[in-house]
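Note: the block below is final-v1.cif and it holds mmCIF, C-alpha atoms.
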data_protein
loop_
_atom_site.label_atom_id
_atom_site.label_comp_id
_atom_site.auth_asym_id
_atom_site.auth_seq_id
_atom_site.Cartn_x
_atom_site.Cartn_y
_atom_site.Cartn_z
CA MET A 1 9.51 -0.37 -0.90
CA LYS A 2 8.08 -2.65 -3.55
CA LYS A 3 5.26 -1.23 -5.64
CA THR A 4 2.77 -3.92 -4.58
CA ALA A 5 3.48 -3.32 -0.88
CA TYR A 6 3.22 0.45 -1.40
CA ILE A 7 -0.15 0.18 -3.15
CA THR A 8 -1.43 -2.32 -0.58
CA GLN A 9 -0.37 -0.16 2.36
CA GLY A 10 -1.91 2.90 0.75
CA ALA A 11 -5.17 1.05 0.12
CA VAL A 12 -5.32 -0.28 3.69
CA ILE A 13 -4.68 3.21 5.08
CA ALA A 14 -7.34 4.72 2.78
CA ALA A 15 -9.84 2.05 3.84
CA ALA A 16 -9.04 2.55 7.53
CA TYR A 17 -9.40 6.33 7.23
CA PHE A 18 -12.72 6.00 5.39
CA ALA A 19 -14.09 3.35 7.78
CA LEU A 20 -13.17 5.35 10.87
CA CYS A 21 -14.84 8.45 9.40
CA MET A 22 -18.01 6.56 8.58
CA LEU A 23 -18.04 5.03 12.05
CA VAL A 24 -18.14 8.45 13.69
CA ALA A 25 -19.79 10.38 10.83
CA PRO A 26 -22.09 12.49 13.05
CA ILE A 27 -19.06 14.06 14.76
CA ALA A 28 -16.73 13.98 11.73
CA TYR A 29 -17.86 17.27 10.18
CA GLY A 30 -19.04 20.69 11.29
CA PRO A 31 -17.41 23.48 13.34
CA ILE A 32 -16.65 21.02 16.13
CA GLN A 33 -15.46 17.82 14.50
CA PHE A 34 -13.61 14.87 15.91
CA ARG A 35 -12.55 12.75 12.96
CA VAL A 36 -11.02 9.83 14.79
CA SER A 37 -9.48 8.87 11.43
CA GLU A 38 -7.21 11.92 11.72
CA ALA A 39 -5.26 9.92 14.30
CA LEU A 40 -3.80 8.15 11.26
CA MET A 41 -2.22 11.42 10.06
CA LEU A 42 1.10 10.36 11.59
CA LEU A 43 1.39 7.28 9.36
CA PRO A 44 3.40 9.18 6.72
CA ALA A 45 6.15 9.34 9.36
CA LEU A 46 6.40 5.55 9.07
CA THR A 47 5.59 4.89 5.41
CA PRO A 48 5.43 6.93 2.21
CA ALA A 49 2.20 5.06 1.38
CA GLY A 50 0.55 7.06 4.15
CA VAL A 51 0.48 10.14 1.92
CA PRO A 52 -1.72 8.79 -0.90
CA GLY A 53 -3.60 6.50 1.50
CA LEU A 54 -4.75 9.35 3.71
CA PHE A 55 -5.56 11.55 0.73
CA VAL A 56 -7.69 8.88 -0.96
CA GLY A 57 -9.44 7.95 2.30
CA CYS A 58 -10.29 11.58 3.00
CA LEU A 59 -11.37 12.18 -0.60
CA LEU A 60 -13.71 9.18 -0.49
CA PHE A 61 -15.26 10.23 2.80
CA ASN A 62 -15.71 13.83 1.65
CA LEU A 63 -17.38 12.55 -1.53
CA LEU A 64 -19.75 10.30 0.42
CA ASN A 65 -20.05 12.49 3.52
CA PRO A 66 -23.55 12.26 5.01
CA ALA A 67 -23.49 16.05 5.48
CA ALA A 68 -23.02 16.48 1.70
CA LEU A 69 -20.98 19.66 1.98
CA GLY A 70 -20.27 19.69 -1.74
CA PRO A 71 -17.31 20.10 -4.07
CA ILE A 72 -15.56 22.78 -2.01
CA ASP A 73 -15.25 20.38 0.92
CA VAL A 74 -14.30 17.48 -1.35
CA ILE A 75 -11.51 19.48 -2.99
CA PHE A 76 -10.19 21.66 -0.17
CA GLY A 77 -10.77 19.25 2.70
CA SER A 78 -8.93 16.52 0.82
CA LEU A 79 -6.21 19.00 -0.18
CA ALA A 80 -5.75 19.96 3.50
CA THR A 81 -5.16 16.29 4.30
CA LEU A 82 -2.76 15.86 1.38
CA ILE A 83 -0.73 18.94 2.36
CA ALA A 84 -0.53 17.78 5.98
CA ALA A 85 0.49 14.25 4.96
CA VAL A 86 3.23 15.50 2.61
CA ILE A 87 4.64 17.88 5.23
CA THR A 88 4.48 15.17 7.92
CA ARG A 89 6.40 12.82 5.60
CA GLN A 90 9.03 15.48 4.86
CA LEU A 91 9.36 16.31 8.54
CA ALA A 92 9.78 12.62 9.38
CA LEU A 93 12.50 12.29 6.73
CA ARG A 94 14.38 15.19 8.33
CA LEU A 95 14.01 13.49 11.71
CA LYS A 96 14.84 10.05 10.28
CA PRO A 97 18.05 9.47 12.27
CA SER A 98 16.16 10.13 15.49
CA LEU A 99 12.80 8.65 14.44
CA PRO A 100 13.47 5.15 15.84
CA ASN A 101 14.44 6.73 19.16
CA LEU A 102 11.50 9.10 19.54
CA LYS A 103 10.35 9.42 23.12
CA LEU A 104 7.33 11.22 24.55
CA LYS A 105 9.59 13.73 26.30
CA ASN A 106 11.40 14.51 23.02
CA ALA A 107 10.24 17.80 21.44
CA LYS A 108 10.57 16.26 17.95
CA THR A 109 7.76 13.83 18.76
CA TRP A 110 5.38 16.71 19.34
CA LEU A 111 6.29 18.33 15.99
CA LEU A 112 4.95 15.47 13.85
CA PRO A 113 1.22 16.23 14.39
CA LEU A 114 1.60 19.98 13.77
CA PRO A 115 1.18 19.90 9.96
CA SER A 116 -2.21 18.24 10.39
CA VAL A 117 -3.36 20.70 13.05
CA VAL A 118 -2.25 23.77 11.10
CA SER A 119 -3.39 22.60 7.65
CA ASN A 120 -6.86 21.55 8.78
CA GLY A 121 -7.29 24.55 11.07
CA LEU A 122 -6.43 27.06 8.35
CA ILE A 123 -7.94 25.39 5.29
CA VAL A 124 -11.01 23.55 6.61
CA GLY A 125 -11.62 26.15 9.30
CA GLY A 126 -11.39 28.87 6.66
CA TYR A 127 -14.16 27.59 4.40
CA LEU A 128 -16.42 25.41 6.53
CA LEU A 129 -18.79 28.09 7.81
CA PHE A 130 -19.55 29.16 4.25
CA LEU A 131 -20.89 25.66 3.53
CA LEU A 132 -23.08 25.20 6.59
CA PRO A 133 -26.73 26.25 6.30
CA ASP A 134 -28.13 28.97 8.54
CA THR A 135 -24.69 30.23 9.53
CA THR A 136 -23.80 33.88 9.85
CA VAL A 137 -20.29 34.31 8.50
CA THR A 138 -18.13 37.09 9.92
CA ILE A 139 -14.36 37.41 10.07
CA GLY A 140 -14.54 36.70 13.80
CA ALA A 141 -16.66 33.60 13.25
CA VAL A 142 -14.22 32.30 10.62
CA LEU A 143 -11.22 32.89 12.92
CA LEU A 144 -13.03 31.18 15.79
CA ASN A 145 -13.91 28.28 13.48
CA MET A 146 -10.27 27.95 12.40
CA LEU A 147 -9.29 27.75 16.06
CA SER A 148 -12.06 25.24 16.79
CA ILE A 149 -11.04 22.95 13.92
CA ALA A 150 -7.36 23.20 14.95
CA ILE A 151 -8.17 22.32 18.57
CA CYS A 152 -10.35 19.36 17.56
CA GLU A 153 -7.61 18.15 15.20
CA ALA A 154 -4.98 18.56 17.92
CA VAL A 155 -7.03 16.52 20.38
CA VAL A 156 -7.27 13.63 17.92
CA VAL A 157 -3.71 13.60 16.53
CA TYR A 158 -2.02 14.18 19.87
CA ALA A 159 -4.26 12.07 22.14
CA ILE A 160 -4.81 9.16 19.73
CA GLY A 161 -2.30 9.60 16.88
CA ILE A 162 0.87 9.74 18.97
CA PRO A 163 -0.01 6.58 20.94
CA ILE A 164 -0.75 4.81 17.62
CA LEU A 165 2.63 5.98 16.28
CA PHE A 166 4.41 4.61 19.35
CA LEU A 167 2.45 1.37 19.24
CA LEU A 168 3.38 0.77 15.60
CA LYS A 169 6.96 1.91 16.09
CA LYS A 170 7.47 -0.50 19.00
CA SER A 171 5.80 -3.54 17.46
CA PRO A 172 8.41 -5.62 15.60
CA SER A 173 5.77 -7.86 14.03
CA ILE A 174 3.80 -4.93 12.62
CA LEU A 175 6.99 -3.27 11.40
CA ARG A 176 8.16 -6.50 9.76
CA LEU A 177 4.82 -7.21 8.10
CA SER A 178 4.32 -3.66 6.91
CA GLY A 179 7.88 -2.85 5.89
CA TRP A 180 7.61 0.31 7.98
CA SER A 181 10.82 -0.35 9.87
CA ASN A 182 12.75 1.88 7.48
CA ALA A 183 10.82 5.12 7.74
#
Representation of the structure as structure tokens:
Amino acid sequence: MKKTAYITQGAVIAAAYFALCMLVAPIAYGPIQFRVSEALMLLPALTPAGVPGLFVGCLLFNLLNPAALGPIDVIFGSLATLIAAVITRQLALRLKPSLPNLKLKNAKTWLLPLPSVVSNGLIVGGYLLFLLPDTTVTIGAVLLNMLSIAICEAVVVYAIGIPILFLLKKSPSILRLSGWSNA
């Protein structure tokens, strides 16, 4: 991929992630959070620019988050997204021969969102309660929060992210314009 296309794709992905977060900001943070932007977490399966794009978009939102959760959220929340994006990209590269033929009934399709679910559940779920005011933090509460974040993430990446992946994968014009045809 040419450098200009890579930077442009990354910037568009970052902007989309940030815009979607801002659009649903009231439900984009907290123990129960539905960041609709997390549906984009499967883009690294289609383009390497998805990795920095998602990281930058998440970093920007965490910096400007209306909840102002501070530097821990900025650093570790963004790191959770980066880790998930890198693992998703690596997983997609291992699946590359079968990626163009992914079907909903194929088990490999359902593996792609897992890095995002696990990374956010463990990392964000592990620290979030410590940042929220008036919250009693116990080991049970942290474990429950990890589960809650993972479930919310799974809802978004599976219910919205997989359809987006299939839409992009099946659209020749989008693939041609984006250069994503060669995952």
On this structure, the PyMOL selection byres ((chain A and resi 74) around 12) would catch which residues? List them as a PyMOL selection string, sorted by chain and number. chain A and resi 55-65+67-73+75-82+124+127-128+131
Between CA of Ala5 in chain A and CA of Ala39 in chain A, what is the spacing in Å?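 Answer for the CA of Ala39 in chain A to CA of Ala5 in chain A separation: 22.0 Å.
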Care to translate the PyMOL selection byres ((chain A and resi 159) around 12) into actual residues of this file, as a PDB file with C-alpha atoms, keeping the file's coordinate frame?
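Saved as out-v1.pdb:
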ATOM      1  CA  PHE A  34     -13.610  14.870  15.910  1.00  0.00           C
ATOM      2  CA  VAL A  36     -11.020   9.830  14.790  1.00  0.00           C
ATOM      3  CA  GLU A  38      -7.210  11.920  11.720  1.00  0.00           C
ATOM      4  CA  ALA A  39      -5.260   9.920  14.300  1.00  0.00           C
ATOM      5  CA  LEU A  40      -3.800   8.150  11.260  1.00  0.00           C
ATOM      6  CA  LEU A  42       1.100  10.360  11.590  1.00  0.00           C
ATOM      7  CA  LEU A 104       7.330  11.220  24.550  1.00  0.00           C
ATOM      8  CA  TRP A 110       5.380  16.710  19.340  1.00  0.00           C
ATOM      9  CA  PRO A 113       1.220  16.230  14.390  1.00  0.00           C
ATOM     10  CA  ILE A 151      -8.170  22.320  18.570  1.00  0.00           C
ATOM     11  CA  CYS A 152     -10.350  19.360  17.560  1.00  0.00           C
ATOM     12  CA  GLU A 153      -7.610  18.150  15.200  1.00  0.00           C
ATOM     13  CA  ALA A 154      -4.980  18.560  17.920  1.00  0.00           C
ATOM     14  CA  VAL A 155      -7.030  16.520  20.380  1.00  0.00           C
ATOM     15  CA  VAL A 156      -7.270  13.630  17.920  1.00  0.00           C
ATOM     16  CA  VAL A 157      -3.710  13.600  16.530  1.00  0.00           C
ATOM     17  CA  TYR A 158      -2.020  14.180  19.870  1.00  0.00           C
ATOM     18  CA  ILE A 160      -4.810   9.160  19.730  1.00  0.00           C
ATOM     19  CA  GLY A 161      -2.300   9.600  16.880  1.00  0.00           C
ATOM     20  CA  ILE A 162       0.870   9.740  18.970  1.00  0.00           C
ATOM     21  CA  PRO A 163      -0.010   6.580  20.940  1.00  0.00           C
ATOM     22  CA  ILE A 164      -0.750   4.810  17.620  1.00  0.00           C
ATOM     23  CA  LEU A 165       2.630   5.980  16.280  1.00  0.00           C
ATOM     24  CA  PHE A 166       4.410   4.610  19.350  1.00  0.00           C
TER      25      PHE A 166
END
Using only C-alpha atoms, the shortest atom-to-atom distance to Ala92 in chain A among A:Leu112, A:Leu144, A:Ile13, A:Ile27 belongs to A:Leu112
As AutoDock Vina command-line options: centre and edge lengths in Å, one decimal, of the axis-aligned box holding range 133-146 of chain A with 3 Å per side:
--center_x -19.2 --center_y 31.8 --center_z 11.0 --size_x 23.9 --size_y 17.2 --size_z 15.5
Can you measure CA of Gly10 in chain A to CA of Leu95 in chain A for me? One decimal in Å is fine.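 CA of Leu95 in chain A lies 22.0 Å from CA of Gly10 in chain A.
The smallest atom-to-atom distance between Asn120 in chain A and any of A:Val51, A:Ala85, A:Pro133, A:Thr138, using all atoms listed in the file, is found for A:Ala85.
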